[in-house]
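**Student:** Got a structure for you, structure-v3.txt, holding compact mmCIF, C-alpha atoms.
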```txt
# COMPACT_ATOMS: atom_id res chain seq x y z
CA MET A 1 0.00 0.00 0.00
CA PHE A 2 1.21 3.49 -0.85
CA ARG A 3 0.11 6.96 0.20
CA ILE A 4 1.16 10.39 -1.05
CA GLY A 5 1.27 13.59 1.00
CA HIS A 6 2.05 17.21 0.21
CA GLY A 7 3.63 19.70 2.59
CA TYR A 8 4.12 23.46 2.36
CA ASP A 9 5.80 25.90 4.70
CA VAL A 10 6.82 29.54 4.64
CA HIS A 11 8.86 31.73 6.97
CA LYS A 12 9.84 35.37 7.00
CA LEU A 13 13.51 36.39 6.58
CA VAL A 14 14.88 38.66 9.33
CA GLU A 15 18.23 39.91 10.56
CA GLY A 16 19.70 38.33 13.67
CA ARG A 17 18.59 34.75 12.95
CA LYS A 18 20.54 31.80 11.56
CA LEU A 19 19.52 30.45 8.16
CA ILE A 20 19.05 26.71 8.57
CA LEU A 21 17.78 24.55 5.71
CA GLY A 22 17.81 20.77 5.74
CA GLY A 23 19.77 20.90 8.97
CA VAL A 24 22.55 22.95 7.32
CA GLU A 25 23.51 26.35 8.68
CA ILE A 26 24.01 28.51 5.60
CA PRO A 27 25.95 31.76 5.84
CA HIS A 28 23.60 34.62 4.95
CA VAL A 29 22.73 38.14 6.08
CA THR A 30 19.25 37.05 7.20
CA GLY A 31 17.69 33.94 8.68
CA LEU A 32 14.21 32.50 8.97
CA LEU A 33 11.91 33.67 11.75
CA GLY A 34 9.93 31.06 13.62
CA HIS A 35 9.21 29.47 16.98
CA SER A 36 11.68 26.68 16.24
CA ASP A 37 14.80 27.03 14.07
CA ALA A 38 12.33 27.74 11.21
CA ASP A 39 13.85 25.15 8.84
CA VAL A 40 11.25 25.66 6.12
CA LEU A 41 12.46 22.64 4.13
CA VAL A 42 12.23 20.17 6.99
CA HIS A 43 8.86 21.58 8.05
CA ALA A 44 7.42 20.98 4.56
CA ILE A 45 8.84 17.44 4.52
CA MET A 46 7.36 16.59 7.93
CA ASP A 47 3.95 17.89 6.87
CA ALA A 48 4.12 15.83 3.66
CA MET A 49 4.86 12.63 5.61
CA LEU A 50 2.16 13.33 8.20
CA GLY A 51 -0.34 14.36 5.54
CA ALA A 52 0.16 11.16 3.57
CA LEU A 53 -0.91 9.18 6.61
CA ALA A 54 -3.64 11.55 7.86
CA MET A 55 -1.66 12.07 11.08
CA GLY A 56 -2.20 15.82 11.34
CA ASP A 57 0.55 18.37 10.86
CA ILE A 58 3.53 19.81 12.69
CA GLY A 59 1.45 22.64 14.16
CA HIS A 60 -0.60 19.97 15.93
CA LEU A 61 2.38 17.88 17.08
CA PHE A 62 4.73 20.75 17.95
CA PRO A 63 2.54 23.80 18.68
CA ASP A 64 4.15 27.25 18.61
CA ASN A 65 2.53 28.11 21.94
CA ASP A 66 4.50 25.34 23.67
CA ASN A 67 7.80 26.73 24.97
CA SER A 68 9.40 23.28 24.94
CA PHE A 69 9.64 23.73 21.15
CA LYS A 70 11.11 27.26 21.33
CA ASP A 71 14.21 27.34 19.07
CA ALA A 72 13.86 23.57 18.58
CA ASP A 73 16.14 21.79 16.12
CA SER A 74 13.80 20.78 13.29
CA MET A 75 15.93 17.72 12.56
CA LYS A 76 15.07 16.43 16.05
CA LEU A 77 11.40 17.14 15.41
CA MET A 78 11.66 15.20 12.12
CA ALA A 79 13.20 12.27 14.01
CA GLU A 80 10.07 12.22 16.18
CA VAL A 81 7.81 12.34 13.11
CA CYS A 82 9.75 9.41 11.61
CA ARG A 83 9.41 7.47 14.87
CA ARG A 84 5.64 7.98 14.83
CA VAL A 85 5.37 7.04 11.16
CA ARG A 86 7.35 3.82 11.72
CA ALA A 87 5.25 3.00 14.78
CA GLU A 88 2.22 2.97 12.46
CA GLY A 89 4.00 0.57 10.07
CA TRP A 90 5.06 3.02 7.35
CA GLU A 91 8.35 4.00 5.76
CA ILE A 92 9.48 6.54 3.20
CA GLY A 93 9.32 5.49 -0.44
CA ASN A 94 10.76 8.82 -1.54
CA ILE A 95 10.59 12.53 -0.83
CA ASP A 96 10.78 15.28 -3.43
CA ALA A 97 11.16 18.82 -2.07
CA THR A 98 11.69 22.29 -3.52
CA ILE A 99 12.94 25.36 -1.68
CA ILE A 100 11.81 28.72 -3.12
CA ALA A 101 14.33 31.48 -2.33
CA GLN A 102 15.83 34.37 -4.24
CA ALA A 103 19.07 34.22 -2.26
CA PRO A 104 21.46 32.80 -1.23
CA LYS A 105 22.52 30.24 -3.83
CA LEU A 106 21.66 26.86 -2.33
CA ALA A 107 23.21 24.45 -4.85
CA PRO A 108 26.47 24.04 -2.86
CA HIS A 109 24.47 22.87 0.18
CA ILE A 110 21.90 20.54 -1.37
CA MET A 111 23.83 17.28 -1.09
CA THR A 112 24.49 17.88 2.61
CA MET A 113 20.78 18.65 3.12
CA ARG A 114 19.85 15.39 1.38
CA GLU A 115 22.34 13.43 3.48
CA ASN A 116 21.07 15.00 6.72
CA ILE A 117 17.45 14.26 5.90
CA ALA A 118 18.19 10.68 4.81
CA ARG A 119 20.20 10.03 7.99
CA VAL A 120 17.44 11.30 10.28
CA CYS A 121 14.72 9.51 8.31
CA GLY A 122 16.67 6.25 8.21
CA CYS A 123 16.59 5.89 4.44
CA ASP A 124 19.02 6.03 1.54
CA VAL A 125 20.01 9.44 0.19
CA SER A 126 18.70 8.31 -3.22
CA GLN A 127 15.20 8.46 -1.72
CA ILE A 128 15.55 12.18 -0.90
CA SER A 129 15.42 14.87 -3.58
CA VAL A 130 15.97 18.53 -2.72
CA LYS A 131 15.84 21.26 -5.33
CA ALA A 132 16.00 25.05 -5.13
CA THR A 133 14.54 27.70 -7.37
CA THR A 134 13.94 31.43 -7.43
CA GLU A 135 10.76 33.23 -8.41
CA GLU A 136 12.58 35.64 -10.70
CA HIS A 137 12.25 38.53 -8.20
CA LEU A 138 8.44 38.11 -8.01
CA GLY A 139 6.39 37.90 -4.82
CA PHE A 140 7.62 37.77 -1.23
CA THR A 141 10.32 35.19 -1.98
CA GLY A 142 11.52 37.12 -5.03
CA GLU A 143 11.70 40.29 -2.93
CA LYS A 144 13.79 38.40 -0.32
CA LEU A 145 11.14 38.85 2.38
CA GLY A 146 10.86 35.14 3.06
CA MET A 147 11.40 31.58 1.86
CA SER A 148 8.99 28.76 1.22
CA ALA A 149 9.21 25.07 0.50
CA HIS A 150 6.99 22.40 -1.01
CA ALA A 151 7.45 18.67 -0.44
CA VAL A 152 5.79 15.51 -1.65
CA ALA A 153 6.26 12.26 0.25
CA LEU A 154 5.46 8.78 -1.00
CA MET A 155 4.94 6.54 2.02
CA GLN A 156 4.79 2.77 1.82
CA LYS A 157 3.39 0.22 4.22
CA VAL A 158 6.07 -2.04 5.66
```
Hey, can you dump this file as C-alpha cells for me?

**Tutor:**
Amino acid sequence: MFRIGHGYDVHKLVEGRKLILGGVEIPHVTGLLGHSDADVLVHAIMDAMLGALAMGDIGHLFPDNDNSFKDADSMKLMAEVCRRVRAEGWEIGNIDATIIAQAPKLAPHIMTMRENIARVCGCDVSQISVKATTEEHLGFTGEKLGMSAHAVALMQKV
C-alpha cells in the first residue's frame, strides 16, 4: 500500500537569525523567523509525511505556543515524526522537495541537506530529492522577504 502527501511551509527572513535549511547552517545576512529554528524545508517534509498518513501536521504535534519547542532543532522534530510514522508501520518510499528562495545560492548545500534528511529519516540518500529555485524577483520570496518550500512524500506500508 502506498500513500502520497504534500507539505508546504513559509517563513519570513529577518536579521539576527541563523539560516538553517535541511539541517545545514548557511551563511547569509538574514535567517528565517519562527518558533523553532524555522527550517522551512524540513517543516514541509514533515507535513508531507504526516499528511500522507492523515496524522495531522507539525502545528498539531509541535505547537508554537509550547515553549518546549522554542528554538527547537527541526531535525530532532523530524526524528520524532519518523518514529511515529514507523510505529504505524510506514516507511518513506521517496521525498521530493523544492525550496523557493531568491538568495542565497543553495546548490552548494543541497547534497548535505539530502544526506542530513536521509540520515534522520533512516533511508538512503537516493530516496531524498531537494531542489531550489527562485521566483525571478516576483512575490515575497523574489523580494527576499521570506522563503517557502513544497514537499511531496510517497509513504509505503512495511

**Student:** Per residue of segment 104-155 of chain A within 9 Å of segment 63-76 of chain A, record the nearest atom pair and its distance in Å to one decimal, counting all atoms listed in the file, with rows in chain order and ascending residue number, as CSV.

**Tutor:**
```
residue,atom,partner,partner_atom,distance
A:Asn116,CA,A:Met75,CA,8.2
A:Ile117,CA,A:Met75,CA,7.7
A:Val120,CA,A:Met75,CA,7.0
```

**Student:** Let me see the file: selected residues, C-alpha atoms, as a PDB file, in the coordinates of the input.

**Tutor:**
```
ATOM      1  CA  ASN A 116      21.070  15.000   6.720  1.00  0.00           C
ATOM      2  CA  ILE A 117      17.450  14.260   5.900  1.00  0.00           C
ATOM      3  CA  VAL A 120      17.440  11.300  10.280  1.00  0.00           C
TER       4      VAL A 120
END
```

**Student:** One decimal, in Å: what's the spacing between atom CA of Ala48 of chain A and atom CA of Gly31 of chain A?

**Tutor:**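 Atom-to-atom, atom CA of Ala48 of chain A to atom CA of Gly31 of chain A, that is 23.2 Å.
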
**Student:** Counting only C-alpha atoms, what are the residues of segment 111-136 of chain A within 10 Å of segment 144-154 of chain A, and for each of them which pair of atoms is the nearest and at what distance in Å, to one decimal? Sort the table by chain and rising number, as a tab-separated table.

**Tutor:**
```
residue	atom	partner	partner_atom	distance
A:Gln127	CA	A:Leu154	CA	9.8
A:Ile128	CA	A:Ala153	CA	9.4
A:Ser129	CA	A:Ala151	CA	9.4
A:Val130	CA	A:Ala151	CA	8.8
A:Lys131	CA	A:Ala149	CA	9.6
A:Ala132	CA	A:Ala149	CA	8.8
A:Thr133	CA	A:Ala149	CA	9.9
A:Thr134	CA	A:Met147	CA	9.6
```

**Student:** Quick one: of A:Ala54, A:Ile95, A:Leu32, A:Met113, who's nearest to Lys18 of chain A, counting all atoms listed in the file?

**Tutor:**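 Once distances to Lys18 of chain A are computed over all atoms listed in the file, the minimum belongs to A:Leu32.
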
**Student:** Given the point (4.1, 14.5, 9.1) in the file's coordinates, find the residues that have an atom at most 9 Å from it, counting only C-alpha atoms, and give them as a ChimeraX atom specification.

**Tutor:** /A:5,7,43-58,61,78,81-82,84-85
